[in-house]
file protein20.cif (mmCIF, C-alpha atoms)
data_model
loop_
_atom_site.label_atom_id
_atom_site.label_comp_id
_atom_site.auth_asym_id
_atom_site.auth_seq_id
_atom_site.Cartn_x
_atom_site.Cartn_y
_atom_site.Cartn_z
CA MET A 25 74.11 80.97 11.64
CA GLY A 26 76.04 78.37 9.69
CA LYS A 27 76.22 74.74 10.66
CA ASN A 28 79.37 72.73 10.09
CA LYS A 29 78.33 69.20 9.23
CA SER A 30 81.78 67.66 8.83
CA ARG A 31 84.55 67.41 11.36
CA SER A 32 86.86 69.61 9.26
CA VAL A 33 87.22 73.34 9.93
CA LEU A 34 86.77 74.10 6.23
CA GLY A 35 83.96 72.94 4.04
CA ASP A 36 80.51 71.44 4.44
CA TYR A 37 79.02 74.53 6.01
CA SER A 38 75.39 75.31 5.40
CA GLY A 39 73.37 78.33 6.49
CA LYS A 40 73.93 82.02 6.91
CA VAL A 41 77.38 83.38 7.78
CA GLY A 42 77.84 87.16 7.74
CA THR A 43 76.50 88.46 4.46
CA VAL A 44 76.48 85.17 2.54
CA VAL A 45 74.39 82.00 2.47
CA LEU A 46 76.16 78.66 2.08
CA TYR A 47 74.34 75.59 0.90
CA ASN A 48 74.78 72.38 -0.97
CA TYR A 49 73.07 72.08 -4.33
CA ARG A 50 73.04 68.46 -5.51
CA GLY A 51 76.49 67.81 -4.13
CA THR A 52 77.98 71.16 -5.20
CA PRO A 53 78.76 73.61 -2.41
CA VAL A 54 77.22 77.00 -3.31
CA MET A 55 77.69 80.44 -1.80
CA LYS A 56 75.36 83.35 -2.59
CA PRO A 57 74.63 86.79 -1.14
CA LEU A 58 71.86 87.20 1.42
CA PRO A 59 68.44 87.54 -0.20
CA ALA A 60 66.81 90.95 0.20
CA PRO A 61 63.31 91.26 1.68
CA SER A 62 60.62 91.09 -1.00
CA GLN A 63 59.47 94.41 -2.43
CA GLU A 64 56.05 93.08 -3.39
CA PRO A 65 53.07 94.04 -1.22
CA ALA A 66 51.90 91.28 1.11
CA SER A 67 48.97 89.17 -0.08
CA GLY A 68 45.70 88.90 1.84
CA LYS A 69 46.68 85.55 3.28
CA GLN A 70 50.06 86.85 4.44
CA LEU A 71 48.41 89.83 6.13
CA GLU A 72 45.92 87.54 7.88
CA GLN A 73 48.69 85.24 9.08
CA ARG A 74 50.64 88.21 10.40
CA ALA A 75 47.52 89.44 12.22
CA ILE A 76 47.05 85.99 13.81
CA PHE A 77 50.71 85.87 14.83
CA SER A 78 50.65 89.27 16.50
CA LEU A 79 47.30 88.53 18.20
CA VAL A 80 48.55 85.28 19.74
CA LYS A 81 51.99 86.66 20.55
CA THR A 82 50.52 89.68 22.37
CA LEU A 83 48.22 87.47 24.41
CA LEU A 84 50.75 84.79 25.35
CA THR A 85 53.78 86.98 26.06
CA SER A 86 52.53 87.93 29.54
CA LEU A 87 52.04 84.20 30.27
CA LYS A 88 55.60 83.27 29.37
CA LYS A 89 56.56 82.06 32.86
CA VAL A 90 53.41 79.96 33.27
CA ILE A 91 53.81 78.42 29.82
CA HIS A 92 57.43 77.61 30.56
CA THR A 93 56.22 75.61 33.57
CA GLY A 94 53.16 74.03 32.01
CA PHE A 95 54.12 73.28 28.42
CA GLN A 96 56.16 70.10 28.52
CA VAL A 97 58.07 69.41 25.33
CA PRO A 98 58.68 65.84 24.12
CA ARG A 99 62.34 64.98 24.48
CA LYS A 100 62.96 64.58 20.77
CA SER A 101 61.16 67.76 19.79
CA ARG A 102 63.48 70.67 19.11
CA LYS A 103 60.90 73.31 20.03
CA ALA A 104 60.96 75.62 23.04
CA PRO A 105 57.85 75.57 25.26
CA PHE A 106 56.77 79.05 24.25
CA ASP A 107 57.21 78.31 20.52
CA MET A 108 55.12 75.18 20.94
CA ALA A 109 52.40 77.18 22.70
CA MET A 110 52.47 79.76 19.89
CA SER A 111 52.13 77.04 17.30
CA TYR A 112 49.27 75.32 19.18
CA HIS A 113 47.23 78.46 19.71
CA MET A 114 47.71 79.76 16.15
CA LYS A 115 46.41 76.46 14.81
CA ASN A 116 43.61 75.67 17.26
CA CYS A 117 42.31 78.77 19.03
CA ILE A 118 41.68 81.24 16.21
CA LEU A 119 38.21 82.03 14.92
CA HIS A 120 38.29 83.47 11.40
CA LEU A 121 35.74 86.28 11.26
CA ALA A 122 35.02 88.76 8.48
CA GLU A 123 36.53 91.66 10.45
CA GLY A 124 39.70 89.69 11.24
CA PRO A 125 40.94 86.83 13.42
CA SER A 126 39.64 86.54 16.96
CA PHE A 127 41.04 84.45 19.83
CA GLN A 128 38.76 81.85 21.45
CA LEU A 129 39.57 82.34 25.12
CA GLU A 130 37.78 79.19 26.23
CA LYS A 131 40.33 77.13 24.29
CA LEU A 132 43.41 78.65 25.94
CA LYS A 133 45.86 75.89 26.84
CA LEU A 134 48.48 76.63 29.47
CA SER A 135 49.83 73.12 29.91
CA ASN A 136 50.85 70.32 27.61
CA PRO A 137 51.37 67.23 29.73
CA VAL A 138 53.93 64.72 28.54
CA LYS A 139 54.12 63.25 32.03
CA ARG A 140 50.55 63.56 33.17
CA LEU A 141 49.21 64.46 36.61
CA GLN A 142 45.59 64.02 37.63
CA SER A 143 43.74 67.31 37.91
CA VAL A 144 41.50 68.40 40.76
CA TRP A 145 37.96 67.05 40.97
CA LYS A 146 35.02 69.28 40.03
CA PRO A 147 36.62 72.74 40.05
CA VAL A 148 34.09 75.62 40.04
CA ALA A 149 34.58 79.38 39.70
CA SER A 150 32.15 81.84 41.27
CA VAL A 151 32.05 85.43 42.49
CA ALA A 152 31.14 86.90 45.87
CA GLU A 153 30.61 90.51 46.94
CA ASN A 154 33.47 93.01 47.13
CA ASN A 155 34.85 91.93 43.73
CA THR A 156 35.92 88.58 45.10
CA LEU A 157 36.68 85.69 42.78
CA ILE A 158 36.27 82.29 44.42
CA LEU A 159 37.50 78.96 43.07
CA ASN A 160 36.60 75.71 44.76
CA TRP A 161 37.56 72.12 44.08
CA GLU A 162 37.51 68.73 45.77
CA LEU A 163 39.96 65.88 46.18
CA ASN A 164 39.29 62.99 43.84
CA PRO A 165 37.81 60.09 45.86
CA TYR A 166 40.04 57.63 43.97
CA PRO A 167 43.27 59.51 43.17
CA GLN A 168 45.91 58.19 40.81
CA LYS A 169 49.20 57.11 42.30
CA ASP A 170 51.13 60.32 41.49
CA VAL A 171 48.64 62.60 43.21
CA GLN A 172 50.04 64.43 46.26
CA LEU A 173 48.46 66.99 48.56
CA SER A 174 51.51 69.19 48.00
CA ASP A 175 50.82 69.54 44.26
CA LYS A 176 50.88 73.14 43.09
CA VAL A 177 47.77 74.66 41.54
CA TYR A 178 48.40 77.43 39.02
CA ILE A 179 45.43 79.74 38.62
CA VAL A 180 45.34 82.10 35.67
CA VAL A 181 42.66 84.78 35.43
CA TYR A 182 42.09 86.82 32.29
CA ASP A 183 40.37 90.17 32.66
CA ALA A 184 38.70 90.72 29.30
CA THR A 185 37.88 94.35 30.07
CA ILE A 186 41.48 95.50 30.48
CA ASN A 187 43.06 92.60 28.51
CA ARG A 188 45.29 91.47 31.34
CA PHE A 189 46.29 88.12 32.79
CA SER A 190 46.88 87.59 36.52
CA THR A 191 48.55 84.45 37.86
CA PHE A 192 48.17 82.96 41.32
CA SER A 193 49.21 79.70 42.89
CA CYS A 194 48.27 77.56 45.86
CA ARG A 195 48.25 73.89 46.86
CA ARG A 196 45.93 71.06 45.99
CA SER A 197 45.14 70.58 49.70
CA ASP A 198 43.79 74.15 50.01
CA LEU A 199 40.59 73.00 48.22
CA GLY A 200 39.88 76.58 47.19
CA PHE A 201 41.21 80.00 46.39
CA SER A 202 39.79 83.50 46.66
CA TYR A 203 41.06 86.90 45.64
CA SER A 204 39.50 90.34 46.07
CA PHE A 205 40.11 92.71 43.19
CA ILE A 206 40.16 96.49 43.74
CA LYS A 207 36.77 98.21 43.65
CA GLU A 208 37.42 99.91 40.27
CA PHE A 209 37.26 96.42 38.71
CA ALA A 210 33.50 96.06 39.41
CA GLY A 211 31.71 94.63 36.39
CA HIS A 212 34.87 93.29 34.77
CA GLU A 213 34.57 90.02 32.89
CA LEU A 214 36.94 87.30 34.14
CA TYR A 215 37.94 84.02 32.49
CA SER A 216 39.57 81.56 34.89
CA TYR A 217 41.81 78.58 34.19
CA LEU A 218 43.78 76.22 36.33
CA PHE A 219 46.30 73.46 35.99
CA LEU A 220 48.44 71.52 38.45
CA THR A 221 52.05 70.53 38.67
CA SER A 222 53.75 68.21 41.11
CA ALA A 223 55.92 69.86 43.76
CA ASP A 224 59.05 69.24 41.68
CA ALA A 225 57.21 70.46 38.51
CA LYS A 226 57.97 67.25 36.63
CA LEU A 227 54.32 66.22 36.20
CA VAL A 228 51.69 68.51 34.72
CA SER A 229 47.92 68.22 34.42
CA GLU A 230 45.67 69.34 31.57
CA THR A 231 44.36 72.91 31.70
CA GLU A 232 40.80 73.27 32.96
CA TYR A 233 38.68 76.19 31.79
CA LEU A 234 36.37 77.26 34.60
CA GLY A 235 34.14 79.60 32.65
CA LYS A 236 33.40 83.29 32.58
CA VAL A 237 32.19 85.35 35.58
CA ASN A 238 31.49 89.05 36.17
CA LEU A 239 32.83 90.82 39.26
CA THR A 240 30.29 92.58 41.50
CA LEU A 241 30.67 94.99 44.40
CA SER A 242 27.52 93.93 46.24
CA MET B 27 81.26 50.80 1.05
CA GLY B 28 84.22 48.93 2.47
CA ILE B 29 84.62 45.32 3.43
CA ILE B 30 86.60 44.46 6.56
CA LYS B 31 88.13 41.01 6.38
CA SER B 32 90.46 41.12 9.37
CA GLY B 33 91.63 43.38 12.17
CA PRO B 34 90.11 44.78 15.33
CA LEU B 35 87.04 46.19 13.58
CA LEU B 36 85.94 42.78 12.36
CA GLY B 37 82.55 41.90 13.82
CA MET B 38 81.80 45.46 14.97
CA SER B 39 78.20 46.63 14.73
CA GLY B 40 76.75 50.15 14.93
CA THR B 41 77.68 53.70 13.97
CA VAL B 42 80.89 55.43 15.04
CA ASP B 43 81.99 58.83 13.66
CA GLY B 44 79.46 58.70 10.84
CA LEU B 45 80.53 55.23 9.69
CA THR B 46 78.11 52.33 10.08
CA TYR B 47 79.54 48.85 10.64
CA SER B 48 77.44 45.76 10.06
CA PRO B 49 78.68 42.20 10.44
CA GLN B 50 77.62 39.85 7.64
CA PRO B 51 76.65 36.16 7.77
CA ASN B 52 79.77 35.27 5.73
CA GLY B 53 82.09 36.48 8.51
CA THR B 54 83.13 39.81 6.98
CA THR B 55 82.01 43.22 8.18
CA ILE B 56 80.69 45.95 5.92
CA VAL B 57 81.41 49.59 6.61
CA LYS B 58 79.60 52.46 4.91
CA ARG B 59 78.72 56.09 5.48
CA LYS B 60 75.68 56.47 7.74
CA ASN B 61 72.42 56.70 5.83
CA LYS B 62 70.75 60.07 5.66
CA ALA B 63 67.01 60.47 5.99
CA SER B 64 65.38 60.11 2.60
CA THR B 65 64.24 63.28 0.87
CA LEU B 66 61.67 61.43 -1.26
CA PRO B 67 58.02 62.02 -0.43
CA LEU B 68 56.42 59.19 1.57
CA THR B 69 54.33 56.63 -0.28
CA GLU B 70 50.76 55.98 0.83
CA ALA B 71 51.75 52.74 2.53
CA GLN B 72 54.45 54.56 4.50
CA GLU B 73 52.00 57.32 5.44
CA SER B 74 49.61 54.64 6.66
CA VAL B 75 52.21 53.04 8.93
CA LYS B 76 53.21 56.44 10.23
CA ALA B 77 49.57 57.24 11.01
CA ASP B 78 49.15 53.85 12.74
CA THR B 79 52.01 54.67 15.10
CA THR B 80 50.39 57.95 16.06
CA ILE B 81 46.90 56.50 16.48
CA PHE B 82 48.06 53.52 18.49
CA ASN B 83 50.43 55.45 20.77
CA ASP B 84 47.80 58.11 21.49
CA ALA B 85 45.29 55.41 22.37
CA MET B 86 47.59 53.33 24.57
CA LYS B 87 49.81 55.93 26.25
CA PRO B 88 47.49 56.46 29.27
CA LEU B 89 47.76 52.71 29.91
CA LEU B 90 51.54 52.62 30.38
CA ASP B 91 51.27 51.43 34.00
CA VAL B 92 48.74 48.77 33.01
CA ILE B 93 50.91 47.44 30.20
CA ASN B 94 54.04 47.42 32.38
CA PHE B 95 52.12 45.22 34.80
CA GLY B 96 50.21 43.12 32.29
CA TYR B 97 53.09 42.16 29.99
CA GLN B 98 55.86 41.69 32.57
CA SER B 99 55.80 37.91 32.34
CA GLU B 100 55.42 37.88 28.53
CA ALA B 101 58.28 40.39 28.09
CA LYS B 102 60.73 37.96 29.69
CA LYS B 103 60.23 35.57 26.78
CA TYR B 104 61.31 38.18 24.22
CA LYS B 105 63.88 39.95 26.43
CA ILE B 106 62.40 43.35 25.55
CA SER B 107 60.36 45.85 27.54
CA PRO B 108 56.72 45.10 28.41
CA TRP B 109 55.56 48.04 26.28
CA ASN B 110 57.47 46.84 23.22
CA THR B 111 56.11 43.33 23.74
CA MET B 112 52.58 44.70 23.72
CA VAL B 113 53.22 46.72 20.56
CA LYS B 114 54.76 43.69 18.88
CA LEU B 115 51.84 41.40 19.68
CA VAL B 116 48.85 43.73 19.59
CA ARG B 117 49.32 46.66 17.22
CA LYS B 118 49.10 44.88 13.91
CA ASN B 119 45.69 43.33 14.60
CA SER B 120 44.08 46.04 16.68
CA ILE B 121 44.06 48.85 14.09
CA GLN B 122 41.20 48.50 11.64
CA GLY B 123 39.90 50.40 8.60
CA GLU B 124 41.47 51.75 5.44
CA TYR B 125 43.94 54.63 5.55
CA PRO B 126 43.13 57.54 6.22
CA ASN B 127 40.21 56.24 8.30
CA ARG B 128 42.19 53.92 10.54
CA TYR B 129 40.99 53.48 14.12
CA VAL B 130 41.84 51.38 17.16
CA ASP B 131 39.42 48.51 17.80
CA TYR B 132 39.52 48.18 21.58
CA SER B 133 37.87 44.77 21.52
CA ARG B 134 41.00 43.38 19.84
CA ILE B 135 43.48 44.65 22.41
CA LEU B 136 45.01 42.31 24.95
CA MET B 137 45.75 44.44 28.00
CA PHE B 138 47.22 41.51 29.96
CA LYS B 139 48.97 38.48 28.56
CA GLY B 140 50.11 35.27 30.19
CA ASP B 141 49.50 31.56 30.65
CA LEU B 142 47.25 31.53 33.72
CA PRO B 143 43.71 30.27 33.01
CA SER B 144 40.89 32.76 33.23
CA ALA B 145 37.38 32.14 34.57
CA ARG B 146 34.12 31.11 32.87
CA GLU B 147 30.71 32.77 32.80
CA ILE B 148 32.04 36.28 33.28
CA SER B 149 29.52 39.12 33.34
CA VAL B 150 29.66 42.80 34.20
CA SER B 151 26.99 45.38 34.88
CA VAL B 152 26.92 49.09 35.63
CA ALA B 153 25.93 49.90 39.21
CA GLU B 154 25.45 53.23 40.95
CA THR B 155 29.05 53.59 42.11
CA GLY B 156 30.90 51.63 39.47
CA LEU B 157 31.04 48.28 37.72
CA ASP B 158 29.96 44.96 39.24
CA PHE B 159 31.93 41.95 37.97
CA GLN B 160 30.81 38.36 38.40
CA TRP B 161 32.42 35.10 37.35
CA ASN B 162 32.17 31.36 38.00
CA ASN B 163 34.20 30.76 41.18
CA ASN B 164 35.35 27.24 40.31
CA VAL B 165 39.15 26.99 40.40
CA PRO B 166 40.43 25.64 37.05
CA GLU B 167 43.16 23.04 36.79
CA GLN B 168 46.17 25.34 36.46
CA GLY B 169 44.69 28.08 38.61
CA HIS B 170 44.92 28.49 42.37
CA TYR B 171 42.34 29.57 44.93
CA SER B 172 44.60 32.53 45.90
CA ASP B 173 44.50 34.10 42.40
CA HIS B 174 43.18 37.64 42.29
CA VAL B 175 40.87 39.25 39.80
CA ILE B 176 42.26 42.14 37.72
CA MET B 177 39.67 44.69 36.57
CA LEU B 178 40.23 47.52 34.12
CA ALA B 179 37.94 50.21 32.75
CA TYR B 180 39.51 52.49 30.15
CA PHE B 181 37.98 55.80 29.06
CA PRO B 182 39.70 56.81 25.78
CA SER B 183 37.87 60.14 25.56
CA LEU B 184 39.25 61.15 28.98
CA SER B 185 42.63 59.42 28.50
CA GLU B 186 41.99 57.88 31.89
CA ALA B 187 41.97 54.31 33.18
CA ARG B 188 40.61 52.94 36.44
CA TYR B 189 41.97 49.58 37.48
CA ILE B 190 42.49 47.23 40.40
CA PHE B 191 45.35 44.74 40.00
CA SER B 192 44.73 42.76 43.17
CA GLY B 193 40.97 42.46 43.47
CA ALA B 194 38.91 39.79 45.16
CA LEU B 195 40.05 36.17 45.26
CA ARG B 196 39.13 33.89 42.38
CA THR B 197 36.91 31.90 44.75
CA ALA B 198 34.89 34.99 45.73
CA GLY B 199 33.14 35.04 42.34
CA LYS B 200 32.36 38.75 42.33
CA ASP B 201 34.00 42.15 42.82
CA HIS B 202 33.29 45.84 42.40
CA LEU B 203 35.35 48.41 40.47
CA PRO B 204 34.50 51.91 41.79
CA LEU B 205 34.26 54.57 39.09
CA GLN B 206 33.65 57.59 41.33
CA GLY B 207 36.05 60.39 40.54
CA ILE B 208 35.57 59.99 36.76
CA TYR B 209 33.27 62.41 34.97
CA ASN B 210 29.98 60.97 33.76
CA GLY B 211 28.88 60.81 30.14
CA HIS B 212 31.86 58.89 28.74
CA THR B 213 32.27 55.40 27.35
CA ALA B 214 34.41 52.82 29.13
CA HIS B 215 36.02 49.75 27.55
CA VAL B 216 36.06 47.04 30.20
CA TYR B 217 38.52 44.17 30.58
CA ILE B 218 39.03 41.41 33.12
CA ALA B 219 41.92 39.06 33.86
CA PHE B 220 43.26 36.95 36.70
CA GLY B 221 46.69 37.10 38.31
CA THR B 222 48.58 35.08 40.90
CA GLY B 223 49.10 36.40 44.39
CA ASP B 224 52.79 37.13 43.81
CA HIS B 225 51.94 39.08 40.57
CA LYS B 226 54.23 36.86 38.49
CA GLY B 227 51.58 34.87 36.64
CA ILE B 228 48.75 36.46 34.75
CA SER B 229 45.99 35.37 32.38
CA ASP B 230 45.02 36.83 29.01
CA SER B 231 42.58 39.71 29.32
CA ILE B 232 38.98 39.29 28.22
CA TYR B 233 37.14 42.20 26.63
CA LEU B 234 33.71 42.62 28.18
CA GLY B 235 32.36 45.40 25.99
CA GLN B 236 31.57 49.10 26.11
CA PHE B 237 29.67 50.69 28.96
CA ASN B 238 28.40 54.21 29.42
CA TRP B 239 29.33 55.81 32.73
#

call {"tool": "encode", "arguments": {"input": "protein20.cif", "output": "structure tokens"}}
result
Amino acid sequence: MGKNKSRSVLGDYSGKVGTVVLYNYRGTPVMKPLPAPSQEPASGKQLEQRAIFSLVKTLLTSLKKVIHTGFQVPRKSRKAPFDMAMSYHMKNCILHLAEGPSFQLEKLKLSNPVKRLQSVWKPVASVAENNTLILNWELNPYPQKDVQLSDKVYIVVYDATINRFSTFSCRRSDLGFSYSFIKEFAGHELYSYLFLTSADAKLVSETEYLGKVNLTLS
Amino acid sequence: MGIIKSGPLLGMSGTVDGLTYSPQPNGTTIVKRKNKASTLPLTEAQESVKADTTIFNDAMKPLLDVINFGYQSEAKKYKISPWNTMVKLVRKNSIQGEYPNRYVDYSRILMFKGDLPSAREISVSVAETGLDFQWNNNVPEQGHYSDHVIMLAYFPSLSEARYIFSGALRTAGKDHLPLQGIYNGHTAHVYIAFGTGDHKGISDSIYLGQFNW
């Protein structure tokens, strides 16, 4: 894509147009053919970076809708919410091990509040029989002024055994949430997270990690 | 660069169509192409100022509501927003240390600013449910018995502030700021001030120290 920086139809383009690249070298407009991909083998660092990128991308892609809601972007930033989430997780949530990069699930961040909402008070995750996941929380005794009972709670559960995210939602006033998984899921390891948005989705709270639990049938 | 000596553009200020106009003290107006962002690497002093902006904004952003309340009377003097008034008066002196180890010194921040007199013999202590404030309940010369106490506890590690803008009357001599609903194990920076009943007059804030909650 080329960008025209002057008001005239001709001239002052920079960027890629068709098979050529246009740029300005010290005041001289220059046009050159598109560079070909490098033929050299990738270095160790490049391979590691690619591994990190694909790891994060695979994990976050299924959360695209949630991230679009939760990741607020500063007005002057030119990033999209998902790109910002990619950037954050690649920088902050990767553990560099000898066998390759690994994702720290307890650091997963689903919301980036620019306009902040107060979260729920003392959220706890637990399991009950019949593969039931139970989340409980309270109302803050001294809520901030933006807090409403109609605020939406987004609950994201990651099943580490089958590498799958599930998303649920309810209201702040429900004070709890429970979901029974099918019986084949017995013994699965679940990571739960929650964050809140106001009813009009303009305010977002920080993500809270509620810990790891194992489903049981009895 | 062009110099405008007469015509409709004389005295114009700002950027239109990539041309920046700036009126000069001698009555002419200068017009030039709009400046581009510099491509030179930043000097250490510039890096330091840039870092200060980040540090200070991160520290003060959770207090936006407090600042909008606490600087409303002061902002009228400068005809700018309460937030900008606070930055103008507070930022330069509140950031301490040498770059790159700059930090915000909360004891040097004025959360509220105004001409109303404060109280003497102020003390604060941590109680089971929050903070207990006490002060001398004599009404000073420019104060009024109907003035209210303003209490603020700010938790930087939680980015959370708990405050009461219209607390007990000045004559009561004591009040309680509940801190329930804030997670324990964090440090609070505590401030006190006094404000008039109609919220138009306010005193300078007094820093009362750090407390563990």

call {"tool": "resolve_selection", "arguments": {"input": "protein20.cif", "expression": "the PyMOL selection byres ((chain A) within 8 of (chain B))", "output": "PDB file with C-alpha atoms, in the coordinates of the input"}}
result
ATOM      1  CA  TRP A 145      37.960  67.050  40.970  1.00  0.00           C
ATOM      2  CA  ASN A 164      39.290  62.990  43.840  1.00  0.00           C
ATOM      3  CA  PRO A 165      37.810  60.090  45.860  1.00  0.00           C
ATOM      4  CA  TYR A 166      40.040  57.630  43.970  1.00  0.00           C
ATOM      5  CA  PRO A 167      43.270  59.510  43.170  1.00  0.00           C
TER       6      PRO A 167
END

call {"tool": "resolve_selection", "arguments": {"input": "protein20.cif", "expression": "the PyMOL selection byres ((chain B and resi 219) around 12)", "output": "number ranges by chain"}}
result
B: 92, 95-96, 136-146, 148, 159, 161, 173-179, 189-196, 216-218, 220-222, 227-234

call {"tool": "resolve_selection", "arguments": {"input": "protein20.cif", "expression": "the PyMOL selection byres ((chain B and resi 112-128) around 10)", "output": "ChimeraX atom specification"}}
result
/B:70-71,73-75,77-79,81-83,86,93-94,96-98,100-101,107-111,129-139

call {"tool": "write_last_selection", "arguments": {"input": "protein20.cif", "atoms": "C-alpha atoms", "output": "mmCIF file, keeping the file's coordinate frame"}}
result
data_model
loop_
_atom_site.group_PDB
_atom_site.id
_atom_site.type_symbol
_atom_site.label_atom_id
_atom_site.label_comp_id
_atom_site.auth_asym_id
_atom_site.auth_seq_id
_atom_site.Cartn_x
_atom_site.Cartn_y
_atom_site.Cartn_z
ATOM 1 C CA GLU B 70 50.760 55.980 0.830
ATOM 2 C CA ALA B 71 51.750 52.740 2.530
ATOM 3 C CA GLU B 73 52.000 57.320 5.440
ATOM 4 C CA SER B 74 49.610 54.640 6.660
ATOM 5 C CA VAL B 75 52.210 53.040 8.930
ATOM 6 C CA ALA B 77 49.570 57.240 11.010
ATOM 7 C CA ASP B 78 49.150 53.850 12.740
ATOM 8 C CA THR B 79 52.010 54.670 15.100
ATOM 9 C CA ILE B 81 46.900 56.500 16.480
ATOM 10 C CA PHE B 82 48.060 53.520 18.490
ATOM 11 C CA ASN B 83 50.430 55.450 20.770
ATOM 12 C CA MET B 86 47.590 53.330 24.570
ATOM 13 C CA ILE B 93 50.910 47.440 30.200
ATOM 14 C CA ASN B 94 54.040 47.420 32.380
ATOM 15 C CA GLY B 96 50.210 43.120 32.290
ATOM 16 C CA TYR B 97 53.090 42.160 29.990
ATOM 17 C CA GLN B 98 55.860 41.690 32.570
ATOM 18 C CA GLU B 100 55.420 37.880 28.530
ATOM 19 C CA ALA B 101 58.280 40.390 28.090
ATOM 20 C CA SER B 107 60.360 45.850 27.540
ATOM 21 C CA PRO B 108 56.720 45.100 28.410
ATOM 22 C CA TRP B 109 55.560 48.040 26.280
ATOM 23 C CA ASN B 110 57.470 46.840 23.220
ATOM 24 C CA THR B 111 56.110 43.330 23.740
ATOM 25 C CA TYR B 129 40.990 53.480 14.120
ATOM 26 C CA VAL B 130 41.840 51.380 17.160
ATOM 27 C CA ASP B 131 39.420 48.510 17.800
ATOM 28 C CA TYR B 132 39.520 48.180 21.580
ATOM 29 C CA SER B 133 37.870 44.770 21.520
ATOM 30 C CA ARG B 134 41.000 43.380 19.840
ATOM 31 C CA ILE B 135 43.480 44.650 22.410
ATOM 32 C CA LEU B 136 45.010 42.310 24.950
ATOM 33 C CA MET B 137 45.750 44.440 28.000
ATOM 34 C CA PHE B 138 47.220 41.510 29.960
ATOM 35 C CA LYS B 139 48.970 38.480 28.560
#

call {"tool": "closest_residue", "arguments": {"input": "protein20.cif", "among": "A:Arg195, A:Arg140, A:Lys115, A:Lys89", "to": "Leu163 (chain A)", "atoms": "all atoms listed in the file"}}
result
A:Arg195

call {"tool": "residues_around", "arguments": {"input": "protein20.cif", "residues": "Leu241 (chain A)", "least_positions_apart": "2", "cutoff": "12 Å", "atoms": "only C-alpha atoms", "output": "list of chain:residue names"}}
result
A:Val151, A:Ala152, A:Glu153, A:Asn154, A:Asn155, A:Thr156, A:Leu157, A:Ser204, A:Phe205, A:Ile206, A:Lys207, A:Glu208, A:Phe209, A:Ala210, A:Gly211, A:His212, A:Asn238, A:Leu239

call {"tool": "atom_distance", "arguments": {"input": "protein20.cif", "atom1": "CA of Gln128 (chain A)", "atom2": "CA of Ser193 (chain A)"}}
result
23.9 Å

call {"tool": "residues_around", "arguments": {"input": "protein20.cif", "residues": "region 116-121 of chain A", "least_positions_apart": "2", "cutoff": "12 Å", "atoms": "only C-alpha atoms", "output": "JSON list (two decimals) with C-alpha atoms, keeping the file's coordinate frame"}}
result
[["chain", "number", "residue", "atom", "x", "y", "z"],
["A", 69, "LYS", "CA", 46.68, 85.55, 3.28],
["A", 72, "GLU", "CA", 45.92, 87.54, 7.88],
["A", 73, "GLN", "CA", 48.69, 85.24, 9.08],
["A", 75, "ALA", "CA", 47.52, 89.44, 12.22],
["A", 76, "ILE", "CA", 47.05, 85.99, 13.81],
["A", 77, "PHE", "CA", 50.71, 85.87, 14.83],
["A", 79, "LEU", "CA", 47.30, 88.53, 18.20],
["A", 80, "VAL", "CA", 48.55, 85.28, 19.74],
["A", 83, "LEU", "CA", 48.22, 87.47, 24.41],
["A", 109, "ALA", "CA", 52.40, 77.18, 22.70],
["A", 110, "MET", "CA", 52.47, 79.76, 19.89],
["A", 111, "SER", "CA", 52.13, 77.04, 17.30],
["A", 112, "TYR", "CA", 49.27, 75.32, 19.18],
["A", 113, "HIS", "CA", 47.23, 78.46, 19.71],
["A", 114, "MET", "CA", 47.71, 79.76, 16.15],
["A", 123, "GLU", "CA", 36.53, 91.66, 10.45],
["A", 124, "GLY", "CA", 39.70, 89.69, 11.24],
["A", 125, "PRO", "CA", 40.94, 86.83, 13.42],
["A", 126, "SER", "CA", 39.64, 86.54, 16.96],
["A", 127, "PHE", "CA", 41.04, 84.45, 19.83],
["A", 128, "GLN", "CA", 38.76, 81.85, 21.45],
["A", 129, "LEU", "CA", 39.57, 82.34, 25.12],
["A", 130, "GLU", "CA", 37.78, 79.19, 26.23],
["A", 131, "LYS", "CA", 40.33, 77.13, 24.29],
["A", 132, "LEU", "CA", 43.41, 78.65, 25.94],
["A", 133, "LYS", "CA", 45.86, 75.89, 26.84]]

call {"tool": "closest_residue", "arguments": {"input": "protein20.cif", "among": "B:Gly199, B:Leu157, B:Asn164, B:Glu147", "to": "Ala214 (chain B)", "atoms": "all atoms listed in the file"}}
result
B:Leu157

call {"tool": "build_atoms", "arguments": {"input": "protein20.cif", "residues": "region 211-215 of chain B", "atoms": "N, CA and C atoms", "output": "short mmCIF file (atom, residue, chain, number, x, y, z; two decimals), in the coordinates of the input"}}
result
data_model
loop_
_atom_site.label_atom_id
_atom_site.label_comp_id
_atom_site.auth_asym_id
_atom_site.auth_seq_id
_atom_site.Cartn_x
_atom_site.Cartn_y
_atom_site.Cartn_z
N GLY B 211 29.15 60.51 31.54
CA GLY B 211 28.88 60.81 30.14
C GLY B 211 29.96 60.33 29.20
N HIS B 212 30.80 59.41 29.62
CA HIS B 212 31.86 58.89 28.74
C HIS B 212 31.75 57.37 28.65
N THR B 213 32.34 56.84 27.59
CA THR B 213 32.27 55.40 27.35
C THR B 213 33.52 54.70 27.90
N ALA B 214 33.29 53.60 28.59
CA ALA B 214 34.41 52.82 29.13
C ALA B 214 34.52 51.51 28.37
N HIS B 215 35.76 51.09 28.07
CA HIS B 215 36.02 49.75 27.55
C HIS B 215 36.49 48.92 28.75
#
